[in-house]
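Next up, my_file_16.cif (mmCIF, C-alpha atoms):
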```cif
data_upload
loop_
_atom_site.label_atom_id
_atom_site.label_comp_id
_atom_site.auth_asym_id
_atom_site.auth_seq_id
_atom_site.Cartn_x
_atom_site.Cartn_y
_atom_site.Cartn_z
CA MET A 140 0.00 0.00 0.00
CA VAL A 141 1.52 3.26 -1.13
CA ARG A 142 0.42 5.40 1.80
CA ARG A 143 2.35 3.31 4.29
CA SER A 144 5.52 5.03 3.17
CA ILE A 145 4.61 8.07 5.26
CA GLU A 146 3.01 6.24 8.18
CA PHE A 147 6.16 6.62 10.23
CA GLU A 148 4.56 5.95 13.57
CA GLU A 149 3.46 2.48 12.48
CA LYS A 150 6.43 1.54 10.35
CA ILE A 151 9.38 2.68 12.41
CA PRO A 152 9.65 1.36 15.94
CA ILE A 153 10.51 4.03 18.47
CA ALA A 154 13.87 2.78 19.60
CA PHE A 155 15.52 6.15 19.97
CA GLU A 156 16.96 7.30 23.24
CA SER A 157 15.52 10.71 22.75
CA GLN A 158 11.91 11.04 21.71
CA GLU A 159 12.57 14.70 21.01
CA TYR A 160 15.38 13.90 18.60
CA TYR A 161 13.16 11.35 16.87
CA LYS A 162 10.44 13.97 16.44
CA LYS A 163 12.94 16.42 15.02
CA ILE A 164 14.05 13.94 12.38
CA ILE A 165 10.47 13.18 11.40
CA GLU A 166 9.71 16.91 11.24
CA ARG A 167 12.73 17.57 9.03
CA ILE A 168 11.85 14.71 6.65
CA ILE A 169 8.24 15.85 6.36
CA LYS A 170 9.06 19.53 5.88
CA VAL A 171 11.68 18.93 3.19
CA ASN A 172 9.51 16.38 1.37
CA ARG A 173 6.16 18.08 1.87
CA ASP A 174 5.30 17.90 -1.84
CA ILE A 175 5.40 14.08 -1.65
CA ILE A 176 3.48 14.07 1.63
CA ILE A 177 0.80 16.29 0.07
CA LEU A 178 0.53 14.12 -3.06
CA SER A 179 0.26 11.08 -0.84
CA GLU A 180 -2.50 12.62 1.28
CA LEU A 181 -4.49 13.42 -1.84
CA LEU A 182 -4.40 9.83 -3.15
CA ASP A 183 -7.55 8.90 -1.26
CA GLU A 184 -9.56 12.07 -0.96
CA GLN A 185 -9.76 15.67 -2.06
CA MET A 186 -8.70 18.25 0.49
CA CYS A 187 -8.18 21.97 0.88
CA GLY A 188 -5.02 23.48 2.35
CA TYR A 189 -6.60 23.63 5.79
CA ASP A 190 -7.58 19.92 5.69
CA LEU A 191 -4.09 18.94 4.55
CA ILE A 192 -2.34 20.80 7.34
CA LYS A 193 -4.75 19.33 9.91
CA GLU A 194 -4.42 15.80 8.53
CA ILE A 195 -0.62 15.88 8.40
CA PHE A 196 -0.55 17.22 11.95
CA SER A 197 -2.88 14.54 13.26
CA ARG A 198 -0.87 11.77 11.58
CA SER A 199 2.64 12.95 12.33
CA ASP A 200 2.43 15.64 15.03
CA VAL A 201 4.23 17.96 12.61
CA PHE A 202 2.66 21.33 11.91
CA LEU A 203 3.33 22.57 8.40
CA SER A 204 2.62 26.27 8.36
CA GLN A 205 0.37 27.83 5.75
CA GLY A 206 3.31 29.58 4.11
CA THR A 207 4.94 26.25 3.35
CA VAL A 208 1.84 24.39 2.09
CA TYR A 209 -0.13 26.76 -0.17
CA PRO A 210 2.78 27.57 -2.53
CA VAL A 211 3.29 23.81 -3.03
CA LEU A 212 -0.40 23.36 -3.86
CA TYR A 213 -0.26 26.19 -6.43
CA SER A 214 2.90 24.80 -8.01
CA LEU A 215 1.52 21.27 -8.25
CA GLU A 216 -1.65 22.71 -9.81
CA GLU A 217 0.44 24.69 -12.31
CA GLU A 218 2.34 21.53 -13.20
CA GLY A 219 -0.99 19.84 -13.97
CA LEU A 220 -0.68 17.35 -11.11
CA LEU A 221 -3.57 18.77 -9.10
CA GLN A 222 -6.96 20.16 -9.99
CA ALA A 223 -8.94 22.45 -7.76
CA GLU A 224 -12.63 23.07 -7.30
CA PHE A 225 -14.78 24.76 -4.72
CA SER A 226 -16.76 22.29 -2.68
CA LYS A 227 -20.52 22.36 -3.12
CA GLY A 228 -22.17 24.66 -0.62
CA ASP A 229 -18.87 25.94 0.72
CA MET A 230 -17.23 28.55 -1.45
CA ARG A 231 -14.59 29.16 1.22
CA ALA A 232 -12.62 25.99 0.67
CA LYS A 233 -10.85 25.14 -2.57
CA LYS A 234 -10.52 21.36 -2.63
CA TYR A 235 -7.60 19.78 -4.44
CA SER A 236 -7.53 16.36 -6.04
CA LEU A 237 -5.01 14.52 -8.17
CA THR A 238 -5.29 14.60 -11.94
CA PRO A 239 -4.61 11.29 -13.75
CA LYS A 240 -1.08 12.56 -14.43
CA GLY A 241 -0.80 13.62 -10.77
CA ARG A 242 -1.83 10.16 -9.58
CA GLU A 243 0.84 8.58 -11.76
CA VAL A 244 3.49 11.04 -10.56
CA ALA A 245 2.39 10.62 -6.93
CA HIS A 246 2.87 6.83 -7.05
CA SER A 247 6.23 7.12 -8.72
CA ARG A 248 7.52 9.85 -6.35
CA ILE A 249 6.35 7.95 -3.28
CA ASP A 250 8.09 4.78 -4.51
CA GLU A 251 11.30 6.69 -5.20
CA PHE A 252 11.07 8.40 -1.82
CA ALA A 253 10.65 5.05 -0.04
CA LYS A 254 13.59 3.58 -1.96
CA ALA A 255 15.74 6.59 -1.09
CA LEU A 256 14.89 6.26 2.59
CA GLU A 257 15.75 2.55 2.50
CA GLN A 258 19.05 3.39 0.81
CA VAL A 259 19.85 5.94 3.51
CA LEU A 260 19.14 3.28 6.15
CA VAL A 261 21.51 0.88 4.40
CA ILE A 262 24.22 3.54 4.34
CA ILE A 263 23.95 4.51 7.98
CA GLN A 264 23.54 0.97 9.26
CA SER A 265 26.40 -0.58 7.28
CA MET B 213 25.08 42.14 -21.01
CA LYS B 214 23.12 41.99 -17.76
CA PRO B 215 19.74 43.73 -18.03
CA MET B 216 19.26 46.79 -15.86
CA PHE B 217 16.27 48.11 -13.96
CA MET B 218 16.97 51.59 -15.30
CA ASN B 219 16.07 50.32 -18.78
CA ALA B 220 13.09 48.33 -17.62
CA ILE B 221 10.43 50.87 -18.54
CA ASN B 222 10.57 53.53 -21.17
CA GLY B 223 12.05 56.70 -19.70
CA LEU B 224 13.24 55.35 -16.34
CA ALA B 225 16.81 56.09 -17.40
CA LYS B 226 15.86 59.79 -17.18
CA LEU B 227 15.69 59.30 -13.43
CA LEU B 228 18.40 56.74 -12.78
CA ASN B 229 21.93 57.32 -14.05
CA MET B 230 23.04 53.85 -13.07
CA ASN B 231 21.56 50.49 -12.19
CA ILE B 232 19.93 49.71 -8.86
CA PRO B 233 22.37 47.48 -6.94
CA GLN B 234 21.30 43.85 -6.54
CA GLY B 235 19.74 43.24 -3.13
CA SER B 236 18.42 46.78 -2.68
CA ILE B 237 15.08 47.33 -0.95
CA ILE B 238 13.00 50.00 -2.63
CA LEU B 239 9.81 51.49 -1.23
CA VAL B 240 7.32 52.63 -3.84
CA ALA B 241 5.06 55.07 -2.01
CA GLY B 242 2.02 57.04 -3.07
CA ALA B 243 -1.68 57.63 -2.62
CA GLU B 244 -4.37 55.50 -4.24
CA GLY B 245 -4.62 55.68 -8.03
CA THR B 246 -1.02 56.74 -8.57
CA LEU B 247 0.00 53.56 -10.43
CA LYS B 248 2.15 52.06 -7.68
CA SER B 249 1.23 48.47 -8.52
CA GLY B 250 1.46 49.10 -12.27
CA LEU B 251 4.86 50.73 -11.92
CA VAL B 252 6.34 47.91 -9.86
CA PHE B 253 4.77 45.20 -12.02
CA SER B 254 6.05 46.90 -15.15
CA ILE B 255 9.61 47.43 -13.86
CA ILE B 256 9.92 43.82 -12.69
CA SER B 257 8.20 42.20 -15.63
CA ASP B 258 10.21 44.15 -18.22
CA TYR B 259 13.45 43.44 -16.35
CA LEU B 260 12.73 39.70 -16.16
CA ALA B 261 11.72 39.53 -19.81
CA ALA B 262 15.24 40.65 -20.71
CA SER B 263 17.00 38.33 -18.28
CA ASP B 264 17.21 34.67 -17.31
CA GLU B 265 16.15 35.43 -13.75
CA HIS B 266 12.90 34.86 -11.88
CA GLY B 267 10.75 37.14 -9.76
CA LEU B 268 8.00 36.80 -7.17
CA TYR B 269 5.13 39.26 -6.78
CA ILE B 270 3.04 38.78 -3.65
CA THR B 271 -0.32 40.50 -3.66
CA LEU B 272 -2.10 40.74 -0.34
CA GLU B 273 -4.80 43.11 -1.47
CA GLN B 274 -6.04 41.45 -4.66
CA THR B 275 -6.34 37.96 -6.08
CA LYS B 276 -3.83 36.90 -8.71
CA GLU B 277 -6.55 36.97 -11.37
CA SER B 278 -7.85 40.46 -10.55
CA HIS B 279 -4.30 41.80 -10.32
CA LEU B 280 -3.42 40.40 -13.75
CA LYS B 281 -6.67 41.79 -15.17
CA ASN B 282 -5.78 45.25 -13.84
CA MET B 283 -2.27 45.04 -15.26
CA SER B 284 -3.62 43.90 -18.61
CA SER B 285 -6.00 46.87 -18.69
CA LEU B 286 -2.91 49.12 -18.45
CA GLY B 287 -1.35 47.29 -21.40
CA LEU B 288 1.23 45.58 -19.15
CA LYS B 289 2.39 42.10 -20.04
CA LYS B 290 3.54 39.57 -17.49
CA SER B 291 6.87 37.88 -18.04
CA ASP B 292 6.73 34.07 -17.76
CA ALA B 293 9.47 34.34 -15.18
CA LEU B 294 7.30 36.46 -12.89
CA HIS B 295 5.39 34.34 -10.39
CA ILE B 296 2.36 35.81 -8.66
CA PHE B 297 1.20 34.64 -5.25
CA ASP B 298 -1.95 35.73 -3.44
CA TYR B 299 -3.40 34.93 -0.01
CA ARG B 300 -7.01 34.43 -1.09
CA ASP B 301 -7.31 30.72 -0.25
CA MET B 302 -5.38 31.06 2.98
CA ARG B 303 -7.60 33.90 4.13
CA ARG B 304 -10.77 32.04 3.17
CA GLU B 305 -9.83 28.89 5.04
CA TRP B 306 -8.17 30.32 8.14
CA THR B 307 -9.27 33.01 10.56
CA ASP B 308 -7.16 36.13 10.95
CA ARG B 309 -6.17 34.89 14.39
CA GLU B 310 -4.85 31.65 12.90
CA LEU B 311 -2.89 33.63 10.29
CA ASP B 312 -1.32 35.82 12.92
CA MET B 313 2.28 35.52 11.77
CA MET B 314 1.88 37.09 8.35
CA VAL B 315 5.40 38.48 8.21
CA GLU B 316 6.84 35.05 8.95
CA LEU B 317 4.43 33.36 6.51
CA THR B 318 5.50 35.74 3.77
CA GLY B 319 9.13 34.81 4.44
CA GLU B 320 8.22 31.13 4.06
CA VAL B 321 6.47 31.77 0.75
CA ILE B 322 9.58 33.60 -0.52
CA ASP B 323 11.79 30.70 0.61
CA TYR B 324 9.65 28.22 -1.29
CA TYR B 325 9.97 30.13 -4.57
CA LYS B 326 13.66 30.79 -3.93
CA ASP B 327 14.22 27.04 -3.54
CA LYS B 328 12.18 26.29 -6.62
CA TYR B 329 13.80 28.87 -8.88
CA GLU B 330 17.51 29.06 -8.30
CA ARG B 331 17.79 32.44 -9.98
CA LEU B 332 14.95 34.15 -8.15
CA THR B 333 16.44 37.61 -7.71
CA VAL B 334 13.50 40.02 -7.65
CA PHE B 335 10.64 40.37 -5.18
CA ALA B 336 7.62 42.64 -4.85
CA LEU B 337 5.11 43.01 -2.03
CA ASP B 338 1.76 44.66 -2.68
CA SER B 339 1.40 46.10 -0.11
CA LEU B 340 3.22 46.78 3.16
CA ASN B 341 0.04 48.39 4.52
CA ALA B 342 -1.89 45.15 4.00
CA LEU B 343 0.90 43.19 5.66
CA TYR B 344 0.72 45.52 8.67
CA ALA B 345 -3.06 45.30 8.78
CA LEU B 346 -3.09 41.50 8.75
CA SER B 347 -0.16 41.01 11.08
CA GLN B 348 -0.79 40.46 14.73
CA GLU B 349 2.82 39.98 15.74
CA ALA B 350 3.35 41.36 19.22
CA ASP B 351 6.35 43.36 18.12
CA LEU B 352 5.59 44.42 14.57
CA ARG B 353 8.51 46.85 14.44
CA LYS B 354 10.94 44.05 15.27
CA SER B 355 9.19 41.72 12.78
CA MET B 356 9.54 44.32 10.04
CA TYR B 357 13.21 44.83 10.83
CA ASP B 358 13.68 41.06 10.56
CA PHE B 359 11.65 41.02 7.33
CA PHE B 360 13.87 43.68 5.74
CA SER B 361 16.98 41.85 6.96
CA GLY B 362 15.61 38.60 5.52
CA LEU B 363 15.17 40.21 2.09
CA ARG B 364 18.78 41.42 2.20
CA ASP B 365 20.05 38.01 3.34
CA ARG B 366 18.26 36.40 0.40
CA ASP B 367 19.91 38.96 -1.91
CA LEU B 368 16.58 39.92 -3.45
CA THR B 369 16.11 43.27 -5.15
CA SER B 370 12.80 44.12 -3.51
CA PHE B 371 10.05 46.58 -4.32
CA LEU B 372 7.67 47.16 -1.42
CA ILE B 373 4.50 49.10 -2.14
CA LEU B 374 3.38 51.52 0.55
CA GLU B 375 0.13 53.44 0.29
CA THR B 376 0.43 56.91 1.77
CA PRO B 377 -1.95 59.86 2.12
CA HIS B 378 -1.98 62.38 -0.72
CA ALA B 379 1.18 64.38 -1.35
CA GLY B 380 1.72 67.58 0.56
CA THR B 381 -0.52 66.70 3.47
CA ALA B 382 0.79 66.59 7.03
CA ALA B 383 -0.20 62.94 7.18
CA GLN B 384 2.03 62.21 4.19
CA ILE B 385 5.01 63.96 5.75
CA SER B 386 4.64 61.84 8.87
CA HIS B 387 4.49 58.77 6.62
CA PHE B 388 7.93 59.56 5.27
CA THR B 389 9.39 59.58 8.76
CA ARG B 390 8.29 56.00 9.37
CA PRO B 391 11.00 53.43 10.17
CA GLU B 392 10.69 51.58 6.84
CA ASN B 393 11.89 54.71 5.06
CA PHE B 394 15.14 54.56 6.99
CA LEU B 395 15.47 50.80 6.53
CA ALA B 396 14.94 50.97 2.75
CA ASP B 397 17.78 51.66 0.31
CA GLY B 398 15.50 53.58 -2.00
CA VAL B 399 12.22 55.46 -1.94
CA ILE B 400 10.28 56.13 -5.13
CA GLU B 401 7.34 58.46 -4.76
CA VAL B 402 4.43 58.47 -7.18
CA GLY B 403 1.68 61.05 -7.01
CA ILE B 404 -0.77 63.34 -8.75
CA ILE B 405 -0.26 67.01 -9.50
CA GLU B 406 -3.02 69.40 -10.44
CA GLY B 407 -1.92 72.36 -12.52
CA PRO B 408 -3.14 74.76 -15.19
CA GLU B 409 -2.60 72.05 -17.79
CA GLY B 410 -4.75 69.56 -15.91
CA VAL B 411 -4.03 66.58 -13.70
CA LYS B 412 -0.79 64.67 -14.19
CA ARG B 413 0.73 61.64 -12.56
CA TYR B 414 4.36 61.96 -11.52
CA ILE B 415 7.26 59.84 -10.34
CA ARG B 416 10.13 61.09 -8.22
CA ILE B 417 13.09 59.37 -6.63
CA LEU B 418 13.47 60.59 -3.07
CA LYS B 419 16.35 58.32 -2.19
CA MET B 420 18.43 55.62 -3.89
CA ARG B 421 21.56 54.51 -2.07
CA ALA B 422 24.68 54.11 -4.22
CA VAL B 423 22.90 55.37 -7.34
CA LYS B 424 23.12 58.77 -9.02
CA HIS B 425 19.59 59.90 -9.70
CA ALA B 426 17.48 62.87 -10.65
CA MET B 427 15.45 64.60 -7.94
CA GLU B 428 12.78 66.23 -10.10
CA LYS B 429 9.25 65.03 -10.51
CA HIS B 430 8.78 63.45 -13.94
CA GLN B 431 5.50 62.81 -15.64
CA LEU B 432 4.29 59.21 -15.61
CA ILE B 433 1.82 58.18 -18.29
CA VAL B 434 0.10 55.06 -19.54
CA GLY B 435 1.14 54.86 -23.17
CA GLU B 436 0.23 52.42 -25.91
CA ASP B 437 3.08 50.13 -24.88
CA GLY B 438 2.53 50.34 -21.16
CA LEU B 439 3.99 52.85 -18.72
CA CYS B 440 6.26 55.62 -19.89
CA ILE B 441 8.19 58.36 -18.07
CA LEU B 442 8.31 61.72 -19.76
CA GLY B 443 10.28 64.89 -18.91
CA SER B 444 10.33 66.72 -15.61
CA ILE B 445 7.21 68.65 -14.57
CA TYR B 446 8.59 72.14 -13.84
#
```
What's the structure tokens form of this structure?
Amino acid sequence: MVRRSIEFEEKIPIAFESQEYYKKIIERIIKVNRDIIILSELLDEQMCGYDLIKEIFSRSDVFLSQGTVYPVLYSLEEEGLLQAEFSKGDMRAKKYSLTPKGREVAHSRIDEFAKALEQVLVIIQS
Amino acid sequence: MKPMFMNAINGLAKLLNMNIPQGSIILVAGAEGTLKSGLVFSIISDYLAASDEHGLYITLEQTKESHLKNMSSLGLKKSDALHIFDYRDMRREWTDRELDMMVELTGEVIDYYKDKYERLTVFALDSLNALYALSQEADLRKSMYDFFSGLRDRDLTSFLILETPHAGTAAQISHFTRPENFLADGVIEVGIIEGPEGVKRYIRILKMRAVKHAMEKHQLIVGEDGLCILGSIY
């Protein structure tokens, strides 16, 4: 299942001496790779920027600020990976979903991201 | 040859004898209807069209679409290398209290575009007044000092639009003693003059560090090919 690649809490056992240090690493990974995290979140349902920030926070305890999320959404939309529409009855929230091209790119980026993380593990554990 | 801001719009070289140094922060100040947004958009867009660099224009007052519509109505074309960002969706989905760190948020938006476009060298904010109005930072003066420092650290040539009361009023004079005027490397004033020949828009450079420049007010018009600066109004 593709989404498991960002379900850190389930996948990685907490065997670190410092919980704080562990959280910092997770935060850094999520912030730097937020485009992949966003694409991954949108695989199952359409969301607005607010939903995305809330969902990522509830799943990872990492708060991505608005200034780091909305520019990514606009860029992904410009690249044709996302499409946006206002939800029925609520003109306040612009909901994003993946285009067919976006879905393809999301799967491939998530796979590459997972492989890269595995490679990093191999390097630091060898 | 590297493109220069002084050649960006027709006639600007009448005011600037040399190029604006990279990384300068320029305030563009004037009352409503004095073409502040059009002037900044035109300078940046024309500059980028002649270069291989990128620029970011953040509009806090309008949406991207309405801003581009206004610019188009003035005959101004957007360079493909000019990226426009607005806060419409953010402000629809979050309360003002939740968006309390607007100065910091704006820095994050700049960082995103700077990471995305390696040669992002030009920045515009429309406007500082809106940023002040939306910001709820406890120490706004300190935040603004940090914001100006951040623009310098990122080596961005920045144009910050500041709406002021009409020229010649006491309120306007107090505007020009505000801290941002001291922090900025340059101040360009745009305004309206009423005379026997009718009403004219003007542009004047009040300050431009490290650049020789004219001090006179020059007429600013909307020509067939966009904005144009004519001779001095005296």
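Take atom CA of B:Ser249 and atom CA of B:Ser444: the distance between them is 21.6 Å.
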Picked residues, the PyMOL selection byres ((chain A) within 8 of (chain B)), as a list in words: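 Checking the PyMOL selection byres ((chain A) within 8 of (chain B)) against this file, the residues are Gly188, Tyr189, Ser204, Gln205, Gly206, Thr207, Tyr209, Pro210, Val211, Arg231, Ala232 and Lys233 of chain A.
Atom pair atom CA of A:Leu237 / atom CA of B:Leu332 has a distance of 28.0 Å (rounded to one decimal).
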Protein, DNA and RNA residues within 10 Å of (14.7, 36.4, -19.5), all atoms listed in the file, as a VMD selection string: chain B and resid 215 257 to 266 291 to 294
With the PyMOL selection byres ((chain B and resi 272-274) around 7) as the selection, what would be picked from this file? Answer as a PDB file with C-alpha atoms, in the frame of the given file, please.
```pdb
ATOM      1  CA  ILE B 270       3.040  38.780  -3.650  1.00  0.00           C
ATOM      2  CA  THR B 271      -0.320  40.500  -3.660  1.00  0.00           C
ATOM      3  CA  THR B 275      -6.340  37.960  -6.080  1.00  0.00           C
ATOM      4  CA  LYS B 276      -3.830  36.900  -8.710  1.00  0.00           C
ATOM      5  CA  SER B 278      -7.850  40.460 -10.550  1.00  0.00           C
ATOM      6  CA  HIS B 279      -4.300  41.800 -10.320  1.00  0.00           C
ATOM      7  CA  ASP B 298      -1.950  35.730  -3.440  1.00  0.00           C
ATOM      8  CA  TYR B 299      -3.400  34.930  -0.010  1.00  0.00           C
ATOM      9  CA  ASP B 338       1.760  44.660  -2.680  1.00  0.00           C
ATOM     10  CA  SER B 339       1.400  46.100  -0.110  1.00  0.00           C
ATOM     11  CA  ALA B 342      -1.890  45.150   4.000  1.00  0.00           C
TER      12      ALA B 342
END
```
Given the PyMOL selection byres ((chain B and resi 365-372) around 7), the residues it picks as a PyMOL selection string: chain B and resi 234-240+252+333-340+361-364+373-374
Could you write out the selected residues, including C-alpha atoms, as a compact mmCIF listing (two decimals), in the coordinates of the input?
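Result went into result-v7.txt, see below:
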```txt
# COMPACT_ATOMS: atom_id res chain seq x y z
CA GLN B 234 21.30 43.85 -6.54
CA GLY B 235 19.74 43.24 -3.13
CA SER B 236 18.42 46.78 -2.68
CA ILE B 237 15.08 47.33 -0.95
CA ILE B 238 13.00 50.00 -2.63
CA LEU B 239 9.81 51.49 -1.23
CA VAL B 240 7.32 52.63 -3.84
CA VAL B 252 6.34 47.91 -9.86
CA THR B 333 16.44 37.61 -7.71
CA VAL B 334 13.50 40.02 -7.65
CA PHE B 335 10.64 40.37 -5.18
CA ALA B 336 7.62 42.64 -4.85
CA LEU B 337 5.11 43.01 -2.03
CA ASP B 338 1.76 44.66 -2.68
CA SER B 339 1.40 46.10 -0.11
CA LEU B 340 3.22 46.78 3.16
CA SER B 361 16.98 41.85 6.96
CA GLY B 362 15.61 38.60 5.52
CA LEU B 363 15.17 40.21 2.09
CA ARG B 364 18.78 41.42 2.20
CA ILE B 373 4.50 49.10 -2.14
CA LEU B 374 3.38 51.52 0.55
```
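Each of B:Arg353, B:Lys326, B:Lys281, B:His425 was compared to B:Leu224 using all atoms listed in the file, and B:His425 turns out to be the nearest.
Each of A:Glu217, A:Ile177, A:Tyr161, A:Gln264 was compared to A:Lys193 using all atoms listed in the file, and A:Ile177 turns out to be the nearest.
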One-decimal distance in Å that lies between atom CA of A:Ala253 and atom CA of A:Leu215: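 Interatomic distance here is 20.3 Å.
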Proximity to B:Tyr446 - best of B:Glu392, B:Asp327, B:Glu409, B:Asp308, all atoms listed in the file: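 Nearest to B:Tyr446: B:Glu409.
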Distance query B:Glu244 at most 12 Å, all atoms listed in the file, self and fewer than 5 positions along chain excluded, as a compact mmCIF listing (two decimals) with C-alpha atoms, in the frame of the given file:
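So the final result, stored in result-v2.txt, reads:
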```txt
# COMPACT_ATOMS: atom_id res chain seq x y z
CA SER B 249 1.23 48.47 -8.52
CA GLY B 250 1.46 49.10 -12.27
CA SER B 339 1.40 46.10 -0.11
CA ILE B 373 4.50 49.10 -2.14
CA LEU B 374 3.38 51.52 0.55
CA GLU B 375 0.13 53.44 0.29
CA THR B 376 0.43 56.91 1.77
CA PRO B 377 -1.95 59.86 2.12
CA HIS B 378 -1.98 62.38 -0.72
CA ALA B 379 1.18 64.38 -1.35
CA VAL B 402 4.43 58.47 -7.18
CA GLY B 403 1.68 61.05 -7.01
CA ILE B 404 -0.77 63.34 -8.75
CA ARG B 413 0.73 61.64 -12.56
```
All residues 8 Å or closer to B:Val423, all atoms listed in the file, same chain fewer than 2 positions away omitted, as an mmCIF file with C-alpha atoms, in the frame of the given file:
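out.cif written:
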```
data_model
loop_
_atom_site.group_PDB
_atom_site.id
_atom_site.type_symbol
_atom_site.label_atom_id
_atom_site.label_comp_id
_atom_site.auth_asym_id
_atom_site.auth_seq_id
_atom_site.Cartn_x
_atom_site.Cartn_y
_atom_site.Cartn_z
ATOM 1 C CA LEU B 228 18.400 56.740 -12.780
ATOM 2 C CA ASN B 229 21.930 57.320 -14.050
ATOM 3 C CA MET B 230 23.040 53.850 -13.070
ATOM 4 C CA ASN B 231 21.560 50.490 -12.190
ATOM 5 C CA ILE B 232 19.930 49.710 -8.860
ATOM 6 C CA PRO B 233 22.370 47.480 -6.940
ATOM 7 C CA MET B 420 18.430 55.620 -3.890
ATOM 8 C CA ARG B 421 21.560 54.510 -2.070
ATOM 9 C CA HIS B 425 19.590 59.900 -9.700
#
```
Given all atoms listed in the file as the counted atoms, nearest of A:Ser226, A:Ser236, A:Ser197, A:Gln158 to A:Leu181: A:Ser236
For A:Lys163: contacts at 12 Å, only C-alpha atoms, fewer than 4 positions along chain excluded, given as a ChimeraX atom specification: /A:155,157-159,167-170,199-202
Restrict the output to stretch 384-425 of chain B and C-alpha atoms, then write it as a PDB file, in the first residue's frame.
```pdb
ATOM      1  CA  GLN B 384       2.034  62.215   4.195  1.00  0.00           C
ATOM      2  CA  ILE B 385       5.008  63.960   5.746  1.00  0.00           C
ATOM      3  CA  SER B 386       4.645  61.838   8.875  1.00  0.00           C
ATOM      4  CA  HIS B 387       4.486  58.772   6.618  1.00  0.00           C
ATOM      5  CA  PHE B 388       7.935  59.564   5.270  1.00  0.00           C
ATOM      6  CA  THR B 389       9.390  59.578   8.764  1.00  0.00           C
ATOM      7  CA  ARG B 390       8.291  56.002   9.372  1.00  0.00           C
ATOM      8  CA  PRO B 391      11.000  53.427  10.167  1.00  0.00           C
ATOM      9  CA  GLU B 392      10.685  51.578   6.845  1.00  0.00           C
ATOM     10  CA  ASN B 393      11.886  54.713   5.057  1.00  0.00           C
ATOM     11  CA  PHE B 394      15.135  54.558   6.992  1.00  0.00           C
ATOM     12  CA  LEU B 395      15.469  50.800   6.525  1.00  0.00           C
ATOM     13  CA  ALA B 396      14.938  50.974   2.751  1.00  0.00           C
ATOM     14  CA  ASP B 397      17.777  51.660   0.313  1.00  0.00           C
ATOM     15  CA  GLY B 398      15.503  53.583  -1.999  1.00  0.00           C
ATOM     16  CA  VAL B 399      12.222  55.457  -1.945  1.00  0.00           C
ATOM     17  CA  ILE B 400      10.278  56.130  -5.132  1.00  0.00           C
ATOM     18  CA  GLU B 401       7.335  58.465  -4.760  1.00  0.00           C
ATOM     19  CA  VAL B 402       4.430  58.469  -7.180  1.00  0.00           C
ATOM     20  CA  GLY B 403       1.677  61.048  -7.013  1.00  0.00           C
ATOM     21  CA  ILE B 404      -0.767  63.337  -8.750  1.00  0.00           C
ATOM     22  CA  ILE B 405      -0.263  67.013  -9.499  1.00  0.00           C
ATOM     23  CA  GLU B 406      -3.022  69.402 -10.445  1.00  0.00           C
ATOM     24  CA  GLY B 407      -1.923  72.361 -12.520  1.00  0.00           C
ATOM     25  CA  PRO B 408      -3.140  74.763 -15.185  1.00  0.00           C
ATOM     26  CA  GLU B 409      -2.597  72.046 -17.787  1.00  0.00           C
ATOM     27  CA  GLY B 410      -4.747  69.559 -15.909  1.00  0.00           C
ATOM     28  CA  VAL B 411      -4.027  66.576 -13.701  1.00  0.00           C
ATOM     29  CA  LYS B 412      -0.792  64.667 -14.188  1.00  0.00           C
ATOM     30  CA  ARG B 413       0.731  61.641 -12.564  1.00  0.00           C
ATOM     31  CA  TYR B 414       4.357  61.964 -11.525  1.00  0.00           C
ATOM     32  CA  ILE B 415       7.257  59.840 -10.336  1.00  0.00           C
ATOM     33  CA  ARG B 416      10.134  61.095  -8.219  1.00  0.00           C
ATOM     34  CA  ILE B 417      13.088  59.367  -6.633  1.00  0.00           C
ATOM     35  CA  LEU B 418      13.471  60.589  -3.072  1.00  0.00           C
ATOM     36  CA  LYS B 419      16.348  58.317  -2.190  1.00  0.00           C
ATOM     37  CA  MET B 420      18.429  55.625  -3.890  1.00  0.00           C
ATOM     38  CA  ARG B 421      21.559  54.515  -2.073  1.00  0.00           C
ATOM     39  CA  ALA B 422      24.677  54.109  -4.223  1.00  0.00           C
ATOM     40  CA  VAL B 423      22.900  55.373  -7.342  1.00  0.00           C
ATOM     41  CA  LYS B 424      23.121  58.772  -9.017  1.00  0.00           C
ATOM     42  CA  HIS B 425      19.586  59.897  -9.701  1.00  0.00           C
TER      43      HIS B 425
END
```
